[in-house]
Structures are given as C-alpha cells and as structure tokens.
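Read through the structure below, which is laid out as structure tokens, and then see the notes.
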Amino acid sequence: MRIHPVVNVSQIVRYKEQVEGQRKEETKLIEVKGVEEWEVEKILNKRRMREVNRYLVRWKRFIAESDIWEKKEDLEHTRELVDEFQRKTEHRSEKIGGGKNKAKL
C-alpha cells in the first residue's frame with residue numbers, strides 16, 4: 001500500500017516575490033555571556049500558551065516571516081525590550097478601560 005501526501009486545495013497559494021528591501025540580509029550572531037545569539041529588534045505581541053507567557057519577537061535584520069514566539073525565560077538578555085513592551089501594553093489597556101469598571105466607594 002502506498003501513502004501519498006494529500007493537501008487541501010484551500011491550503012495552496014500563489015508564490016509572491018518579496019517586496020524590494022524586505023529580503024533577509026546577512027546577519028551576524030552577537031555573543032552574550034559566551035553564547036552566540038540573534039539580536040532582538042522588538043517585541044510585537046504577548047500571549048499565554050500552555051500556562052506560559054510567550055512573546056512574539058522580531059529579529060534584527062530579518063523579515064516578518066521570521067518572527068517567532070519565545071518564552072520569557074529565553075529573552076532574559078533583552079529584559080529592557082520586554083519591560084518596554086509591558087509598559088506600552090499596560091498604558092494601552094488603561095486607555096481602553098477608561099476606568100468604567102471602577103467600583104464607587
């Protein structure tokens with residue numbers, strides 16, 4: 001019996017060339033405490049997966065397709081970017097809430 005891969009037609013999309021300037025550049029690893037790592041450009045989002053907070057990371061000199069969800073523990077060398085993202089999202093949630101749900105004493 002032969003098994004062959006089956007793909008639903010809805011999963012097939014036409015290939016699109018990347019926009020000029022969007023191509024991945026040659027990147028160099030940076031050394032942090034004797035370990036080579038990619039450099040983080042910014043934190044894009046946060047979500048909770050399987051009881052663990054994960055952050056969507058944009059790597060420096062990579063295109064958006066290379067963004068990946070990383071655990072907070074794996075981002076210990078970019079603590080300032082994580083803290084900056086937390087401040088921005090807390091400030092945004094305060095604006096959205098607007099204090100409507102505050103109980104009157």
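As shown in the structure tokens, the chain order sets the letters A, B, ...; within each chain, residues go from 1, and ligands are also counted from 1 in the order they appear.
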Using only C-alpha atoms, which protein or nucleic acid residues come within 9 Å of Ile43 in chain A? Drop anything in the same chain fewer than 6 positions from it, and give the result as a PyMOL selection string. chain A and resi 55-58+81-82+84-85
Written file, previous selection with N, CA and C atoms, as a JSON list (two decimals), in the first residue's frame:
[["chain", "number", "residue", "atom", "x", "y", "z"],
["A", 55, "TYR", "N", 6.28, 35.69, 23.97],
["A", 55, "TYR", "CA", 6.35, 36.99, 23.30],
["A", 55, "TYR", "C", 6.70, 36.77, 21.83],
["A", 56, "LEU", "N", 6.01, 37.51, 20.97],
["A", 56, "LEU", "CA", 6.32, 37.45, 19.54],
["A", 56, "LEU", "C", 7.51, 38.37, 19.29],
["A", 57, "VAL", "N", 8.60, 37.80, 18.80],
["A", 57, "VAL", "CA", 9.88, 38.51, 18.67],
["A", 57, "VAL", "C", 10.19, 38.79, 17.20],
["A", 58, "ARG", "N", 10.59, 40.04, 16.92],
["A", 58, "ARG", "CA", 11.11, 40.41, 15.60],
["A", 58, "ARG", "C", 12.62, 40.47, 15.73],
["A", 81, "LEU", "N", 13.65, 45.37, 26.48],
["A", 81, "LEU", "CA", 12.62, 45.36, 25.43],
["A", 81, "LEU", "C", 11.32, 44.75, 25.95],
["A", 82, "VAL", "N", 11.43, 43.71, 26.75],
["A", 82, "VAL", "CA", 10.23, 43.08, 27.34],
["A", 82, "VAL", "C", 9.54, 44.06, 28.28],
["A", 84, "GLU", "N", 9.73, 47.35, 28.22],
["A", 84, "GLU", "CA", 9.15, 48.43, 27.41],
["A", 84, "GLU", "C", 7.82, 47.99, 26.80],
["A", 85, "PHE", "N", 7.77, 46.76, 26.29],
["A", 85, "PHE", "CA", 6.53, 46.24, 25.72],
["A", 85, "PHE", "C", 5.44, 46.16, 26.79]]
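With distances restricted to only C-alpha atoms, A:Glu41 is the closest residue to Lys60 in chain A from A:Arg47, A:Arg2, A:Glu41, A:Glu76.
Within range 29-84 of chain A, DSSP applied to the backbone places the following residues in strand (DSSP E or B): A:Ile30, A:Glu31, A:Val32, A:Val35, A:Glu36, A:Glu37, A:Val40, A:Glu41, A:Lys42, A:Ile43, A:Leu44, A:Asn45, A:Lys46, A:Arg47, A:Arg48, A:Met49, A:Val52, A:Asn53, A:Arg54, A:Tyr55, A:Leu56, A:Val57, A:Arg58, A:Trp59, A:Ile68, A:Trp69, A:Glu70, A:Lys71.
From CA of Asn45 in chain A back to CA of Arg14 in chain A, the distance works out to 28.1 Å.
Atom to atom, CA of Glu37 in chain A and CA of Met49 in chain A stand 23.7 Å apart.
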